[in-house]
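data34.tsv (TSV, C-alpha atoms and all ligand atoms) appears below.
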```tsv
chain	number	residue	atom	x	y	z
A	1	MET	CA	-30.39	-26.62	20.11
A	2	SER	CA	-28.68	-29.12	22.44
A	3	ILE	CA	-24.97	-28.71	23.18
A	4	GLU	CA	-24.36	-32.00	21.31
A	5	LYS	CA	-26.01	-30.69	18.14
A	6	PHE	CA	-24.32	-27.31	18.53
A	7	VAL	CA	-20.83	-28.84	18.85
A	8	LYS	CA	-21.45	-31.21	15.97
A	9	ALA	CA	-22.70	-28.53	13.58
A	10	ILE	CA	-20.41	-25.61	14.36
A	11	PRO	CA	-17.75	-25.10	11.65
A	12	LYS	CA	-14.26	-25.66	13.02
A	13	ALA	CA	-10.59	-26.25	12.22
A	14	GLU	CA	-8.35	-28.93	13.70
A	15	LEU	CA	-4.74	-27.81	14.22
A	16	HIS	CA	-3.18	-30.55	16.32
A	17	VAL	CA	-3.68	-34.11	15.13
A	18	HIS	CA	-0.95	-36.68	14.44
A	19	ILE	CA	-1.93	-38.76	11.44
A	20	GLU	CA	-0.29	-41.84	13.01
A	21	GLY	CA	-2.49	-41.21	16.05
A	22	THR	CA	-5.65	-41.60	13.96
A	23	LEU	CA	-4.90	-45.26	13.20
A	24	GLU	CA	-7.98	-47.07	14.49
A	25	PRO	CA	-7.44	-50.61	15.83
A	26	GLU	CA	-9.67	-52.10	13.11
A	27	LEU	CA	-7.63	-50.42	10.36
A	28	MET	CA	-4.38	-51.46	12.11
A	29	PHE	CA	-5.46	-55.11	11.92
A	30	LYS	CA	-6.63	-54.74	8.30
A	31	ILE	CA	-3.35	-53.17	7.14
A	32	ALA	CA	-1.25	-55.62	9.20
A	33	ALA	CA	-2.99	-58.55	7.50
A	34	ARG	CA	-2.45	-57.01	4.05
A	35	ASN	CA	1.28	-56.56	4.82
A	36	ASN	CA	1.72	-59.97	6.48
A	37	ILE	CA	2.64	-58.37	9.80
A	38	LEU	CA	1.88	-60.25	13.00
A	39	LEU	CA	0.62	-57.94	15.73
A	40	GLN	CA	1.41	-58.55	19.40
A	41	TYR	CA	-2.34	-58.69	20.09
A	42	GLN	CA	-4.83	-61.37	19.10
A	43	SER	CA	-7.79	-59.08	18.51
A	44	VAL	CA	-9.02	-55.50	18.34
A	45	GLU	CA	-10.43	-55.93	21.86
A	46	GLU	CA	-7.08	-57.11	23.23
A	47	LEU	CA	-5.30	-54.20	21.56
A	48	LYS	CA	-7.78	-51.69	22.98
A	49	MET	CA	-7.18	-53.15	26.46
A	50	ALA	CA	-3.53	-52.04	26.12
A	51	TYR	CA	-4.62	-48.42	25.69
A	52	LYS	CA	-4.14	-47.55	29.35
A	53	PHE	CA	-1.45	-44.96	29.80
A	54	ASN	CA	0.38	-43.57	32.85
A	55	ASN	CA	2.18	-40.76	31.05
A	56	LEU	CA	3.35	-39.60	27.62
A	57	GLN	CA	6.08	-42.26	27.25
A	58	SER	CA	3.78	-45.21	27.98
A	59	PHE	CA	1.54	-43.97	25.16
A	60	LEU	CA	4.39	-43.28	22.73
A	61	ASP	CA	5.71	-46.85	23.08
A	62	ILE	CA	2.37	-48.25	21.88
A	63	TYR	CA	1.88	-45.54	19.26
A	64	TYR	CA	5.25	-46.21	17.59
A	65	ALA	CA	4.61	-49.98	17.68
A	66	GLY	CA	1.22	-49.48	15.99
A	67	ALA	CA	2.71	-47.31	13.24
A	68	LYS	CA	4.91	-50.25	12.13
A	69	VAL	CA	2.03	-51.73	10.12
A	70	LEU	CA	2.22	-48.77	7.72
A	71	ILE	CA	4.40	-49.82	4.78
A	72	THR	CA	3.01	-48.79	1.39
A	73	GLU	CA	1.67	-45.60	-0.20
A	74	PRO	CA	-1.91	-46.97	-0.11
A	75	ASP	CA	-1.48	-47.61	3.65
A	76	PHE	CA	-0.71	-43.93	4.28
A	77	TYR	CA	-3.47	-42.91	1.89
A	78	GLU	CA	-6.07	-45.11	3.60
A	79	LEU	CA	-5.04	-43.89	7.05
A	80	THR	CA	-5.34	-40.24	6.02
A	81	ARG	CA	-8.55	-40.78	4.07
A	82	ALA	CA	-10.18	-42.39	7.12
A	83	TYR	CA	-9.25	-39.43	9.34
A	84	LEU	CA	-10.51	-36.90	6.77
A	85	GLU	CA	-13.79	-38.74	6.39
A	86	LYS	CA	-14.26	-38.51	10.15
A	87	ALA	CA	-13.24	-34.85	10.19
A	88	HIS	CA	-15.72	-34.08	7.40
A	89	SER	CA	-18.51	-35.82	9.34
A	90	GLN	CA	-17.67	-33.56	12.32
A	91	ASN	CA	-17.86	-30.31	10.31
A	92	VAL	CA	-14.12	-29.71	10.27
A	93	LEU	CA	-13.51	-27.31	7.35
A	94	HIS	CA	-9.75	-26.98	7.66
A	95	VAL	CA	-7.05	-29.32	9.05
A	96	GLU	CA	-3.38	-28.93	9.87
A	97	ILE	CA	-2.08	-32.49	10.09
A	98	MET	CA	1.18	-33.54	11.72
A	99	PHE	CA	3.20	-36.50	10.53
A	100	ASP	CA	6.36	-38.10	11.94
A	101	PRO	CA	8.54	-39.13	8.96
A	102	GLN	CA	11.32	-40.57	11.17
A	103	THR	CA	8.90	-43.15	12.59
A	104	HIS	CA	8.83	-44.58	9.07
A	105	THR	CA	12.12	-43.70	7.38
A	106	ASN	CA	14.11	-45.14	10.30
A	107	ARG	CA	12.58	-48.56	9.57
A	108	GLY	CA	13.30	-48.39	5.85
A	109	ILE	CA	10.16	-46.78	4.43
A	110	GLU	CA	10.86	-44.12	1.77
A	111	PHE	CA	9.97	-40.52	2.66
A	112	LYS	CA	8.20	-40.35	-0.71
A	113	THR	CA	5.91	-43.27	0.18
A	114	VAL	CA	4.76	-41.54	3.36
A	115	ILE	CA	4.19	-38.07	1.95
A	116	SER	CA	2.62	-39.26	-1.31
A	117	GLY	CA	-0.05	-41.33	0.45
A	118	ILE	CA	-0.91	-38.56	2.91
A	119	SER	CA	-0.95	-35.84	0.26
A	120	ARG	CA	-3.11	-37.86	-2.17
A	121	ALA	CA	-5.80	-38.14	0.51
A	122	LEU	CA	-5.54	-34.42	1.35
A	123	THR	CA	-5.94	-33.38	-2.29
A	124	GLU	CA	-8.92	-35.69	-2.70
A	125	ALA	CA	-10.59	-34.31	0.46
A	126	GLN	CA	-10.33	-30.79	-0.88
A	127	THR	CA	-11.93	-31.80	-4.20
A	128	GLU	CA	-14.64	-34.00	-2.67
A	129	TRP	CA	-15.51	-32.15	0.52
A	130	GLY	CA	-13.84	-28.75	0.25
A	131	ILE	CA	-11.63	-29.45	3.28
A	132	THR	CA	-8.49	-27.31	3.09
A	133	SER	CA	-5.28	-28.48	4.74
A	134	ASN	CA	-1.67	-27.84	5.66
A	135	LEU	CA	0.91	-30.51	6.48
A	136	ILE	CA	3.23	-30.15	9.47
A	137	MET	CA	6.34	-32.34	9.49
A	138	CYS	CA	7.39	-33.12	13.07
A	139	PHE	CA	10.87	-34.08	14.24
A	140	LEU	CA	11.10	-36.72	16.96
A	141	ARG	CA	12.81	-34.97	19.86
A	142	HIS	CA	14.11	-38.19	21.48
A	143	LEU	CA	16.37	-38.60	18.41
A	144	SER	CA	19.41	-36.44	17.62
A	145	GLU	CA	19.39	-33.10	15.86
A	146	ASP	CA	21.58	-34.66	13.16
A	147	ASP	CA	18.82	-37.18	12.45
A	148	ALA	CA	16.32	-34.30	12.24
A	149	ILE	CA	18.61	-32.48	9.77
A	150	LYS	CA	18.86	-35.61	7.59
A	151	THR	CA	15.07	-35.79	7.58
A	152	PHE	CA	14.78	-32.10	6.78
A	153	GLU	CA	17.07	-32.54	3.78
A	154	MET	CA	14.88	-35.37	2.45
A	155	ALA	CA	11.82	-33.18	2.96
A	156	LEU	CA	13.25	-30.39	0.81
A	157	ASN	CA	12.43	-32.54	-2.24
A	158	TYR	CA	8.75	-32.19	-1.28
A	159	LYS	CA	8.89	-28.61	-0.12
A	160	ASP	CA	5.62	-27.62	-1.79
A	161	LEU	CA	3.69	-30.27	0.13
A	162	ILE	CA	4.83	-29.18	3.62
A	163	PHE	CA	3.78	-25.95	5.29
A	164	ALA	CA	5.43	-26.07	8.69
A	165	VAL	CA	7.82	-28.08	10.83
A	166	GLY	CA	7.08	-29.17	14.39
A	167	LEU	CA	8.60	-31.00	17.35
A	168	ASP	CA	7.00	-33.96	19.15
A	169	SER	CA	7.68	-37.22	21.07
A	170	SER	CA	9.22	-37.52	24.58
A	171	GLU	CA	9.39	-34.00	25.97
A	172	LYS	CA	11.22	-34.26	29.30
A	173	GLY	CA	15.00	-34.09	28.86
A	174	HIS	CA	14.66	-33.01	25.21
A	175	PRO	CA	14.31	-29.22	25.26
A	176	PRO	CA	13.56	-27.16	22.15
A	177	SER	CA	17.13	-25.77	22.30
A	178	LYS	CA	18.34	-29.20	21.11
A	179	PHE	CA	16.75	-28.42	17.70
A	180	GLN	CA	17.71	-24.80	17.25
A	181	ARG	CA	19.87	-25.39	14.15
A	182	VAL	CA	17.35	-27.45	12.20
A	183	PHE	CA	14.57	-24.98	13.00
A	184	GLU	CA	16.81	-22.15	11.78
A	185	MET	CA	17.28	-24.07	8.52
A	186	ALA	CA	13.52	-24.54	8.23
A	187	LEU	CA	12.77	-20.88	8.89
A	188	LYS	CA	15.35	-19.89	6.26
A	189	GLU	CA	13.56	-22.11	3.72
A	190	GLY	CA	10.29	-20.34	4.49
A	191	PHE	CA	8.56	-22.95	6.66
A	192	LYS	CA	6.44	-21.90	9.62
A	193	THR	CA	7.37	-23.53	12.93
A	194	VAL	CA	5.40	-25.04	15.83
A	195	ALA	CA	6.48	-27.19	18.78
A	196	HIS	CA	4.98	-29.37	21.49
A	197	ALA	CA	5.94	-27.64	24.73
A	198	GLY	CA	4.68	-27.55	28.28
A	199	GLU	CA	2.76	-30.84	27.95
A	200	GLU	CA	4.95	-32.65	30.50
A	201	GLY	CA	7.92	-30.30	30.28
A	202	PRO	CA	8.30	-27.01	32.15
A	203	ALA	CA	7.27	-23.47	31.17
A	204	ASP	CA	10.97	-22.87	30.31
A	205	TYR	CA	10.52	-25.18	27.29
A	206	VAL	CA	7.70	-22.92	26.08
A	207	TRP	CA	10.03	-19.92	26.38
A	208	GLU	CA	12.68	-21.80	24.38
A	209	ALA	CA	10.17	-22.76	21.68
A	210	LEU	CA	9.20	-19.10	21.32
A	211	ASP	CA	12.64	-17.51	21.63
A	212	LEU	CA	14.84	-20.08	19.89
A	213	LEU	CA	12.53	-21.94	17.49
A	214	LYS	CA	10.42	-18.84	16.67
A	215	VAL	CA	7.22	-20.88	16.74
A	216	SER	CA	3.92	-19.44	15.50
A	217	ARG	CA	2.02	-21.49	18.08
A	218	ILE	CA	2.55	-23.86	20.98
A	219	ASP	CA	1.18	-27.42	20.93
A	220	HIS	CA	-0.41	-28.14	24.33
A	221	GLY	CA	1.30	-25.45	26.43
A	222	ASN	CA	-0.52	-26.41	29.65
A	223	ASN	CA	2.48	-25.72	31.89
A	224	SER	CA	2.68	-22.13	30.59
A	225	LEU	CA	0.16	-21.41	33.32
A	226	ASN	CA	2.93	-21.84	35.93
A	227	ASP	CA	4.71	-18.71	34.70
A	228	ASP	CA	2.98	-15.32	34.94
A	229	ASN	CA	5.42	-13.55	32.60
A	230	LEU	CA	4.88	-16.24	30.00
A	231	ILE	CA	1.09	-15.98	30.31
A	232	GLN	CA	1.36	-12.23	29.72
A	233	LYS	CA	3.52	-12.78	26.62
A	234	LEU	CA	1.15	-15.40	25.17
A	235	ILE	CA	-1.84	-13.12	25.76
A	236	GLY	CA	-0.08	-9.97	24.57
A	237	GLN	CA	1.11	-11.51	21.31
A	238	GLN	CA	-1.94	-13.77	20.94
A	239	ILE	CA	0.26	-16.82	20.46
A	240	PRO	CA	-2.10	-19.77	20.04
A	241	LEU	CA	-2.12	-22.88	22.23
A	242	THR	CA	-3.43	-26.09	20.61
A	243	VAL	CA	-5.01	-27.72	23.63
A	244	CYS	CA	-6.02	-31.41	23.62
A	245	PRO	CA	-8.39	-32.21	26.51
A	246	LEU	CA	-8.86	-35.98	26.10
A	247	SER	CA	-5.14	-36.43	25.48
A	248	ASN	CA	-4.41	-34.50	28.70
A	249	LEU	CA	-6.79	-36.76	30.59
A	250	LYS	CA	-5.52	-40.06	29.13
A	251	LEU	CA	-1.83	-39.11	29.60
A	252	LYS	CA	-2.49	-37.85	33.12
A	253	VAL	CA	-1.50	-34.26	32.38
A	254	VAL	CA	-4.74	-33.53	34.26
A	255	THR	CA	-6.29	-35.90	36.80
A	256	ASP	CA	-9.87	-35.02	35.93
A	257	LEU	CA	-11.39	-33.00	33.06
A	258	LYS	CA	-13.11	-30.89	35.69
A	259	MET	CA	-9.60	-29.67	36.61
A	260	HIS	CA	-8.72	-28.85	32.99
A	261	PRO	CA	-7.38	-25.28	32.58
A	262	LEU	CA	-9.17	-24.57	29.27
A	263	LYS	CA	-11.85	-22.30	30.72
A	264	LYS	CA	-9.27	-20.35	32.74
A	265	MET	CA	-7.20	-19.97	29.57
A	266	LEU	CA	-10.15	-18.44	27.72
A	267	GLU	CA	-11.05	-16.19	30.64
A	268	ALA	CA	-7.47	-14.93	30.80
A	269	GLY	CA	-7.60	-14.00	27.09
A	270	LEU	CA	-5.29	-16.74	25.80
A	271	LEU	CA	-5.86	-17.87	22.21
A	272	ALA	CA	-6.70	-21.48	23.12
A	273	THR	CA	-8.08	-24.05	20.67
A	274	VAL	CA	-9.48	-27.59	21.08
A	275	ASN	CA	-7.92	-30.52	19.22
A	276	SER	CA	-7.77	-34.31	19.28
A	277	ASP	CA	-3.98	-35.08	19.22
A	278	ASP	CA	-4.20	-38.88	18.76
A	279	PRO	CA	-7.93	-39.58	18.57
A	280	SER	CA	-7.84	-43.35	18.06
A	281	TYR	CA	-5.76	-43.76	21.25
A	282	PHE	CA	-7.46	-41.18	23.47
A	283	GLY	CA	-11.13	-42.00	22.93
A	284	GLY	CA	-12.38	-39.28	20.65
A	285	TYR	CA	-12.08	-37.01	17.66
A	286	ILE	CA	-12.49	-33.23	17.79
A	287	ASN	CA	-16.20	-33.20	18.60
A	288	GLU	CA	-15.77	-35.67	21.46
A	289	ASN	CA	-13.02	-33.40	22.79
A	290	PHE	CA	-15.31	-30.36	22.58
A	291	LEU	CA	-18.18	-32.24	24.20
A	292	SER	CA	-16.27	-33.80	27.09
A	293	VAL	CA	-14.57	-30.58	28.04
A	294	ALA	CA	-17.77	-28.53	27.57
A	295	GLU	CA	-19.57	-30.87	29.93
A	296	ALA	CA	-16.78	-31.02	32.53
A	297	LEU	CA	-16.27	-27.25	32.60
A	298	ASN	CA	-19.86	-26.25	31.89
A	299	LEU	CA	-18.84	-24.25	28.82
A	300	SER	CA	-21.49	-22.00	27.28
A	301	LYS	CA	-22.37	-21.96	23.57
A	302	GLN	CA	-20.60	-18.61	23.42
A	303	GLU	CA	-17.39	-20.17	24.77
A	304	ILE	CA	-17.68	-23.04	22.29
A	305	ALA	CA	-18.14	-20.52	19.47
A	306	LEU	CA	-15.08	-18.62	20.72
A	307	LEU	CA	-13.06	-21.86	20.57
A	308	ALA	CA	-14.25	-22.46	16.99
A	309	ILE	CA	-13.33	-18.87	16.03
A	310	ASN	CA	-9.94	-19.33	17.71
A	311	SER	CA	-9.35	-22.49	15.67
A	312	PHE	CA	-9.46	-20.45	12.45
A	313	LYS	CA	-7.61	-17.46	13.94
A	314	ALA	CA	-4.78	-19.75	15.07
A	315	SER	CA	-4.55	-21.57	11.73
A	316	PHE	CA	-2.10	-21.00	8.89
A	317	LEU	CA	-4.93	-20.01	6.55
A	318	GLU	CA	-4.51	-16.77	4.64
A	319	GLU	CA	-6.14	-13.72	6.20
A	320	THR	CA	-9.09	-13.57	3.77
A	321	SER	CA	-9.93	-17.27	4.23
A	322	LYS	CA	-9.63	-16.85	8.01
A	323	GLN	CA	-12.16	-14.00	7.92
A	324	GLU	CA	-14.53	-16.02	5.72
A	325	MET	CA	-14.39	-18.97	8.10
A	326	ILE	CA	-14.83	-16.79	11.19
A	327	GLU	CA	-17.90	-15.21	9.58
A	328	LYS	CA	-19.30	-18.71	8.99
A	329	VAL	CA	-18.92	-19.49	12.70
A	330	GLN	CA	-20.51	-16.17	13.71
A	331	GLU	CA	-23.43	-16.70	11.34
A	332	PHE	CA	-23.95	-20.22	12.71
A	333	PHE	CA	-23.85	-18.92	16.30
A	334	GLU	CA	-26.33	-16.12	15.59
A	335	ASN	CA	-28.80	-18.48	13.91
A	336	SER	CA	-28.49	-21.29	16.45
A	401	LIG	N1	3.27	-37.67	19.37
A	401	LIG	C1	1.99	-38.03	19.22
A	401	LIG	N2	1.25	-37.52	20.20
A	401	LIG	C2	2.09	-36.80	21.00
A	401	LIG	C3	1.93	-36.02	22.17
A	401	LIG	N3	0.75	-35.88	22.76
A	401	LIG	N4	3.02	-35.45	22.71
A	401	LIG	C4	4.21	-35.60	22.14
A	401	LIG	N5	4.41	-36.32	21.03
A	401	LIG	C5	3.36	-36.91	20.45
A	402	ZN	ZN	0.55	-33.88	19.85
```
As structure tokens, please, write out the structure in this file.
Ligand code: ADE
Ligand code: ZN
Amino acid sequence: MSIEKFVKAIPKAELHVHIEGTLEPELMFKIAARNNILLQYQSVEELKMAYKFNNLQSFLDIYYAGAKVLITEPDFYELTRAYLEKAHSQNVLHVEIMFDPQTHTNRGIEFKTVISGISRALTEAQTEWGITSNLIMCFLRHLSEDDAIKTFEMALNYKDLIFAVGLDSSEKGHPPSKFQRVFEMALKEGFKTVAHAGEEGPADYVWEALDLLKVSRIDHGNNSLNDDNLIQKLIGQQIPLTVCPLSNLKLKVVTDLKMHPLKKMLEAGLLATVNSDDPSYFGGYINENFLSVAEALNLSKQEIALLAINSFKASFLEETSKQEMIEKVQEFFENS
């Protein structure tokens, strides 16, 4: 079996995808027209030309501008449905989707509108395709902790729909310690926690995410590799890293995929996974991420299978479901 077919067919979970980052240009134009919103770009082609990023911030500016077309419950439903359809076509069996409520509530959209549209699509995907899911509500770290607390209080009305809280947006200058209180509140209410750390920020931010925010896993975590003690902790406690190869390339976290640390991470015994982050902006969904990094680093089928197993191990699935999924991957690998 070719690597392409192997990657496509292997069962997998996606643990790091921002729903606003799955907004394809075509859908952005369609929803903008429906909502009478004039985009800054004349065409899909012109918009795609703007997708050239120098760093995280240059991407975030365009990503937040794009999200402004999302107004109604059906907008959020259609966005989520489109991602799930893609995920299903790529043999993703379980997804943990991040959403950024403040991107919407701070421009007057009701929290309920956002979460209802997303959740309706998630429920439907489970019924239609058997895809299981967990929602992760992220706080925007460039905003204040008080703003995050206000958002958290709104979210408590929808507690049953949210599994974990996370931390995203501009990393440098906004350490995890800034959000210690709101994460404590979340932990007290029984939410799991995750945080973007070590994408552009230093290894110290990964330490803070672990020690202060008590995260179950680290989103990205690339710069952990600069700190030997941290590497030993992540390996020892098998704390997962949700790695996003095409995102790292497009945001210049790595200069070339051939320099990507993923293979070294696996060889060191880190629990690394492959994810798409913001697929419509970075040129590929989960399978394209697997394929590009497999090609650049010459990954074997065994390493790809390990990454698929890791995706379930690192998920918030219950232990029995995790084992079932891991057995599916092993069975696929043995018969391939
Ligand atoms: N929000 C969406 N994508 C992100 C990323 N890669 N880093 C931080 N915040 C984000
Ligand atoms: Zn991310």
Place a sphere of radius 9 Å on (-12.4, -28.3, 35.1) in the file coordinates and name every protein, DNA or RNA residue with an atom inside or on its surface, counting all atoms listed in the file; give the answer as an mmCIF file with C-alpha atoms, in the coordinates of the input.
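And here's out-v7.cif as it stands now:
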```
data_model
loop_
_atom_site.group_PDB
_atom_site.id
_atom_site.type_symbol
_atom_site.label_atom_id
_atom_site.label_comp_id
_atom_site.auth_asym_id
_atom_site.auth_seq_id
_atom_site.Cartn_x
_atom_site.Cartn_y
_atom_site.Cartn_z
ATOM 1 C CA ASP A 256 -9.870 -35.020 35.930
ATOM 2 C CA LEU A 257 -11.390 -33.000 33.060
ATOM 3 C CA LYS A 258 -13.110 -30.890 35.690
ATOM 4 C CA MET A 259 -9.600 -29.670 36.610
ATOM 5 C CA HIS A 260 -8.720 -28.850 32.990
ATOM 6 C CA PRO A 261 -7.380 -25.280 32.580
ATOM 7 C CA LEU A 262 -9.170 -24.570 29.270
ATOM 8 C CA LYS A 263 -11.850 -22.300 30.720
ATOM 9 C CA LYS A 264 -9.270 -20.350 32.740
ATOM 10 C CA VAL A 293 -14.570 -30.580 28.040
ATOM 11 C CA ALA A 296 -16.780 -31.020 32.530
ATOM 12 C CA LEU A 297 -16.270 -27.250 32.600
ATOM 13 C CA ASN A 298 -19.860 -26.250 31.890
#
```
Please, what is the axis-aligned box for every listed atom of ligand LIG 401 (chain A) with 5 Å on each side, as centre and edge lengths in Å to one decimal, as JSON?
```
{"center_x": 2.6, "center_y": -36.7, "center_z": 21.0, "size_x": 13.7, "size_y": 12.6, "size_z": 13.5}
```
Env. residues ligand ZN 402 (chain A) / 12 Å / only C-alpha atoms and all ligand atoms / as a ChimeraX atom specification: /A:14-22,56,59-60,63,96-100,136-140,166-171,194-200,218-221,241-248,251,274-279,281-282
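If you measure from each of A:Pro240, A:Pro25, A:Gly190, A:Gly201 to ligand LIG 401 (chain A) using all atoms listed in the file, the closest one turns out to be A:Gly201.
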- prompt: Which residue gives the smallest distance to Ser280 of chain A among A:Ala294, A:Leu70, A:Ala82, A:Leu210, with all atoms listed in the file counted?
  reply: A:Ala82
field: Nearest to Phe53 of chain A by atom-to-atom distance, counting all atoms listed in the file, from A:His174, A:Lys313, A:Arg141, A:Lys250
entry: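 Ranking A:His174, A:Lys313, A:Arg141, A:Lys250 by distance to Phe53 of chain A, first place goes to A:Lys250.
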message: I need the residue nearest ligand LIG 401 (chain A) from this list: A:Glu26, A:Glu327, A:Asp75, A:Asp61. Use only C-alpha atoms and all ligand atoms for the distance.
response: A:Asp61
query: Which of these residues is nearest to Gln126 of chain A, using all atoms listed in the file: A:Arg217, A:His88, A:Ile162, A:Lys112?
result: A:His88
Distance criterion (all atoms listed in the file): nearest to ligand LIG 401 (chain A) out of A:Ile62, A:Ala272, A:Ile131, A:Ile149: A:Ile62
message: Give me the residues near Leu291 of chain A as a list in words, where near means some atom within 9 Å (using only C-alpha atoms) and where sequence neighbours in that chain fewer than 4 positions away do not count.
response: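 Contacts, in chain order: Ile3, Glu4, Val7, Lys8, Ile286, Asn287, Glu295 and Ala296 of chain A.
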field: atom CA of Asn157 of chain A to atom CA of Phe312 of chain A, distance in Å rounded to a single decimal
entry: 29.0 Å
message: For a cutoff of 6 Å around the file-coordinate point (4.6, -25.7, 6.9), which residues qualify once you count all atoms listed in the file? I'd like the result as a VMD selection string.
response: chain A and resid 136 162 to 165 191 to 192
- request: Have a look at atom CA of Ile239 of chain A and atom CA of Ser216 of chain A and let me know their distance in Å, one decimal.
  value: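 Atom CA of Ile239 of chain A sits 6.7 Å away from atom CA of Ser216 of chain A.
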- request: Mind giving me the straight-line distance from atom CA of Leu38 of chain A to atom N4 of ligand LIG 401 (chain A) in Å, one decimal?
  value: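 Answer for the atom CA of Leu38 of chain A to atom N4 of ligand LIG 401 (chain A) separation: 26.7 Å.
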task: Tell me which protein, DNA and RNA residues are within 12 Å of Leu122 of chain A, counting all atoms listed in the file, leaving out same-chain ones fewer than 3 positions away, and put them as a count of residues only.
output: 35
